[in-house]
Every structure is written in C-alpha cells, then in structure tokens.
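Novice: Supplied structure: coords.cif, mmCIF, C-alpha atoms.
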data_input
loop_
_atom_site.label_atom_id
_atom_site.label_comp_id
_atom_site.auth_asym_id
_atom_site.auth_seq_id
_atom_site.Cartn_x
_atom_site.Cartn_y
_atom_site.Cartn_z
CA MET W 82 0.00 0.00 0.00
CA VAL W 83 1.42 3.36 -1.02
CA ASN W 84 0.64 6.83 0.23
CA ASP W 85 3.05 9.68 -0.49
CA HIS W 86 1.37 12.35 1.62
CA ASN W 87 3.41 13.73 4.50
CA GLN W 88 0.73 15.95 6.00
CA VAL W 89 -1.05 14.69 9.12
CA THR W 90 -4.25 15.94 10.78
CA PRO W 91 -5.58 15.18 14.27
CA VAL W 92 -9.01 13.56 14.56
CA SER W 93 -11.01 12.37 17.57
CA LEU W 94 -12.32 8.83 17.68
CA THR W 95 -16.10 8.53 17.83
CA PHE W 96 -16.06 4.81 18.60
CA SER W 97 -13.80 1.80 19.10
CA HIS W 98 -15.35 -1.68 19.01
CA GLU W 99 -13.80 -5.12 19.38
CA LEU W 100 -15.72 -7.12 16.78
CA SER W 101 -14.12 -10.46 17.63
CA GLU W 102 -10.92 -11.56 19.31
CA SER W 103 -8.15 -9.08 18.39
CA LEU W 104 -10.24 -7.58 15.56
CA TYR W 105 -11.27 -3.95 16.00
CA LEU W 106 -13.26 -1.28 14.19
CA ILE W 107 -12.64 2.40 14.96
CA GLY W 108 -14.26 5.49 13.53
CA PHE W 109 -14.10 9.26 13.30
CA LYS W 110 -16.02 12.00 11.50
CA ARG W 111 -15.26 12.35 7.78
CA ASP W 112 -14.20 15.76 6.48
CA PHE W 113 -12.44 14.73 3.25
CA LEU W 114 -13.22 13.03 -0.05
CA PHE W 115 -11.77 9.67 -1.02
CA LYS W 116 -12.23 6.83 -3.47
CA ALA W 117 -13.41 3.47 -2.16
CA GLY W 118 -10.38 1.21 -1.82
CA GLN W 119 -7.95 3.95 -0.83
CA VAL W 120 -5.84 4.01 2.33
CA ILE W 121 -4.88 6.51 5.00
CA GLY W 122 -1.88 6.59 7.29
CA ILE W 123 -2.49 6.51 11.04
CA ALA W 124 -0.15 7.62 13.83
CA LEU W 125 -0.59 8.06 17.57
CA GLU W 126 1.44 11.28 17.61
CA GLU W 127 1.93 14.07 15.11
CA ASN W 128 5.47 12.99 14.28
CA GLY W 129 5.07 9.36 15.23
CA PRO W 130 5.50 6.29 12.99
CA ARG W 131 2.59 5.70 10.63
CA ARG W 132 0.89 2.59 9.42
CA LEU W 133 -1.41 2.37 6.41
CA TYR W 134 -4.99 1.08 6.60
CA SER W 135 -7.75 0.77 4.03
CA ILE W 136 -10.79 2.93 4.61
CA CYS W 137 -13.72 0.69 5.54
CA SER W 138 -16.55 3.14 4.74
CA GLY W 139 -18.62 4.25 1.78
CA GLU W 140 -17.60 7.40 -0.06
CA ASN W 141 -20.67 9.24 1.23
CA ASP W 142 -20.74 7.88 4.78
CA GLU W 143 -20.55 10.46 7.54
CA GLU W 144 -17.82 8.57 9.38
CA ILE W 145 -14.55 6.99 8.37
CA GLN W 146 -14.15 3.46 9.67
CA ILE W 147 -10.90 1.53 9.96
CA LEU W 148 -10.78 -2.24 10.44
CA TYR W 149 -7.62 -3.66 11.98
CA LYS W 150 -6.25 -6.70 13.75
CA VAL W 151 -4.09 -6.37 16.84
CA VAL W 152 -0.62 -7.74 16.14
CA ASP W 153 1.05 -8.41 19.49
CA GLU W 154 4.54 -7.66 18.21
CA GLY W 155 3.34 -4.66 16.18
CA TYR W 156 4.06 -1.05 17.05
CA LEU W 157 0.68 0.58 16.48
CA THR W 158 -2.20 -1.84 16.89
CA PRO W 159 -1.67 -2.81 20.56
CA GLN W 160 -1.72 0.88 21.50
CA LEU W 161 -4.57 1.66 19.11
CA SER W 162 -6.77 -0.96 20.78
CA ASP W 163 -6.36 0.82 24.13
CA LEU W 164 -7.87 4.07 22.85
CA ASP W 165 -11.38 5.25 23.76
CA PRO W 166 -13.90 7.56 22.06
CA GLY W 167 -12.62 11.11 22.33
CA ASP W 168 -8.97 10.11 22.10
CA THR W 169 -6.89 11.56 19.26
CA ILE W 170 -5.11 9.89 16.38
CA TRP W 171 -3.26 11.53 13.49
CA ILE W 172 -4.16 10.72 9.90
CA THR W 173 -2.76 11.42 6.43
CA PRO W 174 -4.86 12.30 3.37
CA PRO W 175 -6.19 9.28 1.44
CA GLY W 176 -4.20 7.73 -1.37
CA GLY W 177 -3.62 4.57 -3.34
CA GLU W 178 -4.75 3.03 -6.63
CA PHE W 179 -6.62 -0.04 -5.37
CA VAL W 180 -9.95 1.28 -6.69
CA SER W 181 -12.79 -0.39 -8.53
CA ASN W 182 -15.54 0.61 -10.96
CA GLN W 183 -18.73 -0.88 -12.37
CA ASP W 184 -16.96 -3.39 -14.63
CA PRO W 185 -17.24 -7.14 -13.88
CA ALA W 186 -14.65 -8.35 -11.38
CA LEU W 187 -13.79 -11.01 -8.84
CA TRP W 188 -12.90 -9.54 -5.44
CA ILE W 189 -10.68 -11.80 -3.30
CA ALA W 190 -10.02 -11.02 0.37
CA THR W 191 -8.61 -12.65 3.46
CA GLY W 192 -8.78 -11.32 7.00
CA THR W 193 -8.91 -7.54 7.32
CA GLY W 194 -8.36 -7.38 3.56
CA ILE W 195 -12.17 -7.26 3.38
CA ALA W 196 -12.07 -3.55 4.32
CA PRO W 197 -11.66 -1.99 0.85
CA TYR W 198 -14.39 -4.21 -0.60
CA TYR W 199 -16.77 -3.09 2.13
CA ALA W 200 -15.99 0.49 1.14
CA MET W 201 -16.70 -0.42 -2.49
CA LEU W 202 -19.96 -2.13 -1.53
CA ARG W 203 -21.05 0.91 0.50
CA SER W 204 -20.17 3.10 -2.48
CA GLY W 205 -22.47 1.26 -4.90
CA GLN W 206 -19.78 -0.62 -6.80
CA ALA W 207 -20.93 -4.19 -6.12
CA GLU W 208 -22.80 -4.66 -9.41
CA ASN W 209 -21.20 -7.34 -11.61
CA LYS W 210 -18.97 -8.46 -8.75
CA ILE W 211 -18.21 -11.79 -7.07
CA LEU W 212 -16.61 -11.74 -3.63
CA LEU W 213 -14.41 -14.59 -2.41
CA HIS W 214 -13.79 -14.06 1.32
CA GLY W 215 -11.42 -16.21 3.37
CA ASN W 216 -11.02 -16.48 7.15
CA ARG W 217 -9.87 -19.06 9.69
CA TYR W 218 -13.01 -18.91 11.87
CA LEU W 219 -16.71 -18.41 11.18
CA GLU W 220 -17.05 -15.55 13.66
CA GLN W 221 -14.70 -13.43 11.56
CA TYR W 222 -17.08 -12.78 8.66
CA HIS W 223 -18.03 -9.28 9.71
CA PHE W 224 -20.35 -7.32 7.36
CA PHE W 225 -21.75 -10.70 6.26
CA ASP W 226 -25.37 -9.53 6.22
CA GLU W 227 -24.66 -6.57 3.94
CA PHE W 228 -22.52 -8.53 1.51
CA ARG W 229 -25.06 -11.36 1.33
CA GLU W 230 -27.99 -8.95 0.87
CA VAL W 231 -26.35 -7.25 -2.12
CA LEU W 232 -24.36 -10.09 -3.68
CA GLY W 233 -26.51 -13.11 -2.82
CA ASP W 234 -24.81 -16.33 -3.92
CA LYS W 235 -22.01 -14.28 -5.45
CA TYR W 236 -20.66 -13.82 -1.92
CA ILE W 237 -18.57 -16.95 -1.29
CA ARG W 238 -17.06 -17.60 2.14
CA CYS W 239 -14.07 -19.88 2.57
CA CYS W 240 -13.17 -21.06 6.08
CA SER W 241 -9.97 -22.98 6.81
CA ALA W 242 -10.47 -23.99 10.46
CA GLU W 243 -14.23 -24.57 10.91
CA THR W 244 -17.04 -26.04 8.85
CA ASP W 245 -20.54 -24.87 7.97
CA PRO W 246 -22.98 -26.10 5.29
CA ASP W 247 -23.05 -22.67 3.64
CA VAL W 248 -19.28 -22.13 3.69
CA TYR W 249 -16.57 -23.63 1.50
CA SER W 250 -14.21 -25.71 3.67
CA GLY W 251 -10.68 -24.55 2.87
CA ARG W 252 -8.70 -21.50 1.85
CA VAL W 253 -9.53 -19.15 -1.01
CA THR W 254 -6.59 -20.60 -2.91
CA ASP W 255 -8.06 -24.10 -2.55
CA TYR W 256 -11.36 -22.83 -3.94
CA LEU W 257 -9.67 -21.22 -6.95
CA LYS W 258 -7.63 -24.35 -7.70
CA GLU W 259 -10.87 -26.36 -7.94
CA GLN W 260 -12.43 -24.06 -10.54
CA ASN W 261 -12.31 -25.62 -14.00
CA GLU W 262 -12.01 -22.25 -15.68
CA LEU W 263 -11.89 -18.57 -14.82
CA ASP W 264 -13.11 -15.68 -16.96
CA PRO W 265 -9.98 -14.16 -18.54
CA ASP W 266 -11.79 -10.96 -19.50
CA ILE W 267 -12.72 -9.66 -16.04
CA MET W 268 -10.56 -7.95 -13.43
CA TYR W 269 -9.27 -9.76 -10.34
CA TYR W 270 -8.70 -7.81 -7.12
CA LEU W 271 -6.55 -9.41 -4.39
CA CYS W 272 -6.31 -8.02 -0.86
CA GLY W 273 -4.64 -9.83 2.02
CA SER W 274 -1.29 -11.14 3.18
CA ALA W 275 1.71 -11.25 0.87
CA ASP W 276 1.63 -15.06 0.84
CA MET W 277 -2.03 -15.13 -0.18
CA VAL W 278 -1.59 -12.50 -2.88
CA VAL W 279 1.44 -14.21 -4.44
CA GLU W 280 -0.11 -17.69 -4.36
CA THR W 281 -3.43 -16.46 -5.70
CA ARG W 282 -1.79 -14.49 -8.49
CA ASP W 283 0.15 -17.59 -9.56
CA ILE W 284 -3.05 -19.66 -9.61
CA LEU W 285 -4.89 -17.06 -11.68
CA ILE W 286 -2.07 -16.78 -14.23
CA ALA W 287 -1.83 -20.58 -14.48
CA LYS W 288 -5.54 -20.64 -15.29
CA GLY W 289 -5.19 -18.13 -18.14
CA VAL W 290 -5.77 -14.78 -16.45
CA SER W 291 -3.52 -12.03 -17.78
CA PHE W 292 -1.15 -10.36 -15.31
CA GLY W 293 -2.61 -7.02 -16.42
CA ASN W 294 -6.06 -8.11 -15.17
CA ILE W 295 -4.81 -8.64 -11.61
CA ILE W 296 -4.75 -5.76 -9.11
CA SER W 297 -3.33 -6.46 -5.67
CA GLU W 298 -3.06 -4.81 -2.26
CA ILE W 299 -0.77 -6.47 0.30
CA TYR W 300 -1.47 -6.27 4.03
CA PHE W 301 1.60 -6.54 6.22
#
Starting from the file, give its structure as structure tokens.

Specialist:
Amino acid sequence: MVNDHNQVTPVSLTFSHELSESLYLIGFKRDFLFKAGQVIGIALEENGPRRLYSICSGENDEEIQILYKVVDEGYLTPQLSDLDPGDTIWITPPGGEFVSNQDPALWIATGTGIAPYYAMLRSGQAENKILLHGNRYLEQYHFFDEFREVLGDKYIRCCSAETDPDVYSGRVTDYLKEQNELDPDIMYYLCGSADMVVETRDILIAKGVSFGNIISEIYF
C-alpha cells in the first residue's frame, strides 16, 4: 500500500469496538473526499510512525471506519486498541490506486483485507462483482449480512479452520484451484497477506488470467 502524503491531521475517535478476538473497528467524522479502496496513514502522535490502513466506509458515509487486527509484536495496533472515544489519532490524506468501478470483477479477500471491498460495496460498486472471502473462523465474517444482501450467492465464504454447510471448507486458494475455468476478461482484485496475494496471483495466471487483469493490495 502506497501513500506519499506527509501531511497529518488530528481527529477524535467517535467509537472503538472489538468485533471479535483481536479484531477492531474504529471510527471518526469524515471531512475529506476519497475513493473506495484507498488508504490513510495513522499515527498516535503528530510525528510518530505511521501505518497504512484501508478505509472501511462508503464514499458518502458520515464517518470513516478503519478495520484492523491487533498484532502483538506490532508497534501501532496494541496501542490503538487501548484508545477510547474522544482520544486523538493523526491521519494522512487518502491515497492509493486499489480502486474499482462498475466493470465485472472477482474480489478476493482474506482477514482484514475485506475492508476496501466493504468500502466499495457501501459506495455502490458491487454490481457485476463476485466476492471470495477467506477467514480461519466463522465468527470473523463481519459485514456478512450486507454482503449477502447485495451479492446473494455471489458472496462466497471460505473457512480454513471450521465447517458450515453454507461455507466452503478450505482456503480461497483451494477454492480457486478447484475451478475448471476462470473468466480471462474480467478484473481480479486481491487483498490480504503477501503469501495469499502471491499464491493467488500464480493460480490465476496458471488458469489463463492475464497479469494485467490482476490488481493487488498487500497487508503486512
């Protein structure tokens, strides 16, 4: 994820919720424009180290939401999870090119990589889309109701550690390997860990998808 802006602005949190173990959603009032899929940098101090996070809100929503997972050895997230409404964080302007449009596409996400697709959904860009969403546990499919309402059976969940009749048992890469053919003419969006993105890209290319039709965003 790339953001070249150096400017930072203080904002006050309006909420901080733990959605499931170690997974948090924070929010603050929006006073800027952005494109669904873009990122902002977040710091705890004006001149402190920044980390980049996808905006998890629609382009017209009143609040900016950020979805993140606490990484115990990380610098920012353990401290971020201790903040309360009214506390201040510092943010950069939005940036990044991981943006969608109304053209047909397959969205692929694992973990908190679902955030930009939720922003796209909230921004009215879910038409002609299929979403492949991977997690380890069933409780981690946040925003499930909204994705299912809009996408119906084009919202496909893949779970690697638990089973459910309505969920594919395995990783998103397992699901893709089992597909006899993939449409080479649509765009493929990949958002998740570096390992997932690299493996998925290799699978897509092996199945005839052009490298130019693959857009990726790596979460560290």

Novice: Please write as JSON, numbers by chain the full residue list that the PyMOL selection byres ((chain W and resi 88-91) around 12) yields on this file.

Specialist: {"W": [84, 85, 86, 87, 92, 93, 94, 109, 110, 111, 112, 113, 121, 122, 123, 124, 125, 126, 127, 128, 129, 130, 131, 167, 168, 169, 170, 171, 172, 173, 174, 175]}

Novice: Go through W:Met268, W:Ile189, W:Ile284, W:Leu263 one by one, measure the shortest atom-to-atom distance of each to Arg238 of chain W using only C-alpha atoms, and give the residue with the smallest value.

Specialist: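 Under the stated criterion, the closest residue is W:Ile189.
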
Novice: Please evaluate the PyMOL selection byres ((chain W and resi 117) around 6) against the displayed coordinates and give the resulting residues as JSON, numbers by chain.

Specialist: {"W": [116, 118, 119, 200, 201]}

Novice: So which residues get picked by the PyMOL selection byres ((chain W and resi 287) around 12) here, written as a list in words?

Specialist: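 Those residues are Leu257, Lys258, Gln260, Asn261, Glu262, Leu263, Pro265, Glu280, Thr281, Arg282, Asp283, Ile284, Leu285, Ile286, Lys288, Gly289, Val290, Ser291 and Phe292 of chain W.
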
Novice: Considering only C-alpha atoms, can you say which of W:Gln146, W:Gln206, W:Gln183, W:Asn141 comes closest to Leu106 of chain W?

Specialist: W:Gln146

Novice: Quick check, in Å to one decimal: how far apart do atom CA of Ile295 of chain W and atom CA of Ile267 of chain W lie?

Specialist: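 Separation of atom CA of Ile295 of chain W and atom CA of Ile267 of chain W: 9.1 Å.
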
Novice: Could you check the closest approach to Glu298 of chain W for each of W:Thr193, W:Gln221, W:Asn216, W:Thr244 and tell me which residue wins, using all atoms listed in the file?

Specialist: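 Ranking W:Thr193, W:Gln221, W:Asn216, W:Thr244 by distance to Glu298 of chain W, first place goes to W:Thr193.
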
Novice: Name the closest residue to Cys137 of chain W among the candidates W:Arg217, W:Arg252, W:Arg203, W:Lys150; distances are taken between atoms, counting only C-alpha atoms.

Specialist: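 Distance minimum relative to Cys137 of chain W lands on W:Arg203.
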
Novice: Fewer than 4 positions away in the same chain doesn't count, so skip those; otherwise give me all residues within 10 Å of Glu243 of chain W, counting all atoms listed in the file, as a PyMOL selection string.

Specialist: chain W and resi 216-220+239+248-251

Novice: Quick check, in Å to one decimal: how far apart do atom CA of Arg132 of chain W and atom CA of Phe115 of chain W lie?

Specialist: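 Interatomic distance here is 17.9 Å.
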
Novice: Which value, in Å to one decimal, gives the distance between atom CA of Ile107 of chain W and atom CA of Ile147 of chain W?

Specialist: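 So the two atoms, atom CA of Ile107 of chain W and atom CA of Ile147 of chain W, lie 5.4 Å apart.
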
Novice: For segment 255-266 of chain W, where the input has fewer atoms than it should, I would like all heavy atoms rebuilt and written as a compact mmCIF listing (two decimals), keeping the file's coordinate frame.

Specialist:
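The resulting file, out.txt, is reproduced below:
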# COMPACT_ATOMS: atom_id res chain seq x y z
N ASP W 255 -7.51 -22.76 -2.27
CA ASP W 255 -8.06 -24.10 -2.55
C ASP W 255 -9.28 -23.99 -3.45
O ASP W 255 -9.45 -24.77 -4.41
CB ASP W 255 -8.46 -24.79 -1.24
CG ASP W 255 -7.27 -25.03 -0.32
OD1 ASP W 255 -6.17 -25.28 -0.83
OD2 ASP W 255 -7.45 -24.97 0.91
N TYR W 256 -10.15 -23.03 -3.14
CA TYR W 256 -11.36 -22.83 -3.94
C TYR W 256 -10.99 -22.52 -5.39
O TYR W 256 -11.57 -23.09 -6.32
CB TYR W 256 -12.20 -21.69 -3.34
CG TYR W 256 -13.45 -21.40 -4.12
CD1 TYR W 256 -14.65 -22.06 -3.84
CD2 TYR W 256 -13.45 -20.45 -5.14
CE1 TYR W 256 -15.80 -21.79 -4.56
CE2 TYR W 256 -14.59 -20.18 -5.88
CZ TYR W 256 -15.77 -20.85 -5.58
OH TYR W 256 -16.92 -20.58 -6.31
N LEU W 257 -10.04 -21.62 -5.59
CA LEU W 257 -9.67 -21.22 -6.95
C LEU W 257 -9.04 -22.38 -7.72
O LEU W 257 -9.28 -22.54 -8.92
CB LEU W 257 -8.70 -20.05 -6.89
CG LEU W 257 -9.32 -18.72 -6.44
CD1 LEU W 257 -8.23 -17.69 -6.15
CD2 LEU W 257 -10.28 -18.18 -7.50
N LYS W 258 -8.25 -23.21 -7.04
CA LYS W 258 -7.63 -24.35 -7.70
C LYS W 258 -8.67 -25.33 -8.22
O LYS W 258 -8.45 -26.02 -9.23
CB LYS W 258 -6.69 -25.08 -6.74
CG LYS W 258 -5.41 -24.33 -6.41
CD LYS W 258 -4.61 -25.07 -5.35
CE LYS W 258 -3.36 -24.31 -4.94
NZ LYS W 258 -2.62 -24.99 -3.85
N GLU W 259 -9.83 -25.41 -7.55
CA GLU W 259 -10.87 -26.36 -7.94
C GLU W 259 -11.73 -25.86 -9.09
O GLU W 259 -12.53 -26.63 -9.64
CB GLU W 259 -11.76 -26.66 -6.73
CG GLU W 259 -11.06 -27.45 -5.63
CD GLU W 259 -11.97 -27.76 -4.46
OE1 GLU W 259 -13.19 -27.45 -4.56
OE2 GLU W 259 -11.50 -28.31 -3.46
N GLN W 260 -11.61 -24.59 -9.45
CA GLN W 260 -12.43 -24.06 -10.54
C GLN W 260 -11.88 -24.54 -11.88
O GLN W 260 -10.69 -24.40 -12.16
CB GLN W 260 -12.46 -22.53 -10.50
CG GLN W 260 -12.94 -21.97 -9.16
CD GLN W 260 -14.23 -22.59 -8.69
OE1 GLN W 260 -15.26 -22.52 -9.35
NE2 GLN W 260 -14.18 -23.20 -7.51
N ASN W 261 -12.75 -25.10 -12.71
CA ASN W 261 -12.31 -25.62 -14.00
C ASN W 261 -11.81 -24.52 -14.92
O ASN W 261 -10.87 -24.72 -15.70
CB ASN W 261 -13.45 -26.39 -14.68
CG ASN W 261 -13.79 -27.67 -13.94
OD1 ASN W 261 -12.91 -28.31 -13.37
ND2 ASN W 261 -15.07 -28.04 -13.94
N GLU W 262 -12.45 -23.36 -14.85
CA GLU W 262 -12.01 -22.25 -15.68
C GLU W 262 -12.40 -20.93 -15.01
O GLU W 262 -13.36 -20.86 -14.24
CB GLU W 262 -12.62 -22.33 -17.08
CG GLU W 262 -14.14 -22.33 -17.11
CD GLU W 262 -14.67 -22.45 -18.54
OE1 GLU W 262 -14.16 -23.31 -19.29
OE2 GLU W 262 -15.60 -21.70 -18.87
N LEU W 263 -11.63 -19.91 -15.31
CA LEU W 263 -11.89 -18.57 -14.82
C LEU W 263 -12.02 -17.63 -16.01
O LEU W 263 -11.36 -17.80 -17.03
CB LEU W 263 -10.75 -18.10 -13.91
CG LEU W 263 -10.53 -18.91 -12.62
CD1 LEU W 263 -9.26 -18.45 -11.93
CD2 LEU W 263 -11.72 -18.78 -11.68
N ASP W 264 -12.88 -16.63 -15.87
CA ASP W 264 -13.11 -15.68 -16.96
C ASP W 264 -11.86 -14.83 -17.17
O ASP W 264 -11.48 -14.06 -16.28
CB ASP W 264 -14.30 -14.80 -16.60
CG ASP W 264 -14.76 -13.94 -17.78
OD1 ASP W 264 -13.96 -13.73 -18.72
OD2 ASP W 264 -15.90 -13.45 -17.74
N PRO W 265 -11.20 -14.93 -18.32
CA PRO W 265 -9.98 -14.16 -18.54
C PRO W 265 -10.22 -12.69 -18.85
O PRO W 265 -9.27 -11.90 -18.92
CB PRO W 265 -9.33 -14.88 -19.73
CG PRO W 265 -10.51 -15.40 -20.50
CD PRO W 265 -11.54 -15.78 -19.48
N ASP W 266 -11.48 -12.32 -19.05
CA ASP W 266 -11.79 -10.96 -19.50
C ASP W 266 -12.18 -10.02 -18.37
O ASP W 266 -12.35 -8.81 -18.61
CB ASP W 266 -12.92 -10.99 -20.53
CG ASP W 266 -12.53 -11.77 -21.78
OD1 ASP W 266 -11.35 -11.65 -22.20
OD2 ASP W 266 -13.38 -12.49 -22.32
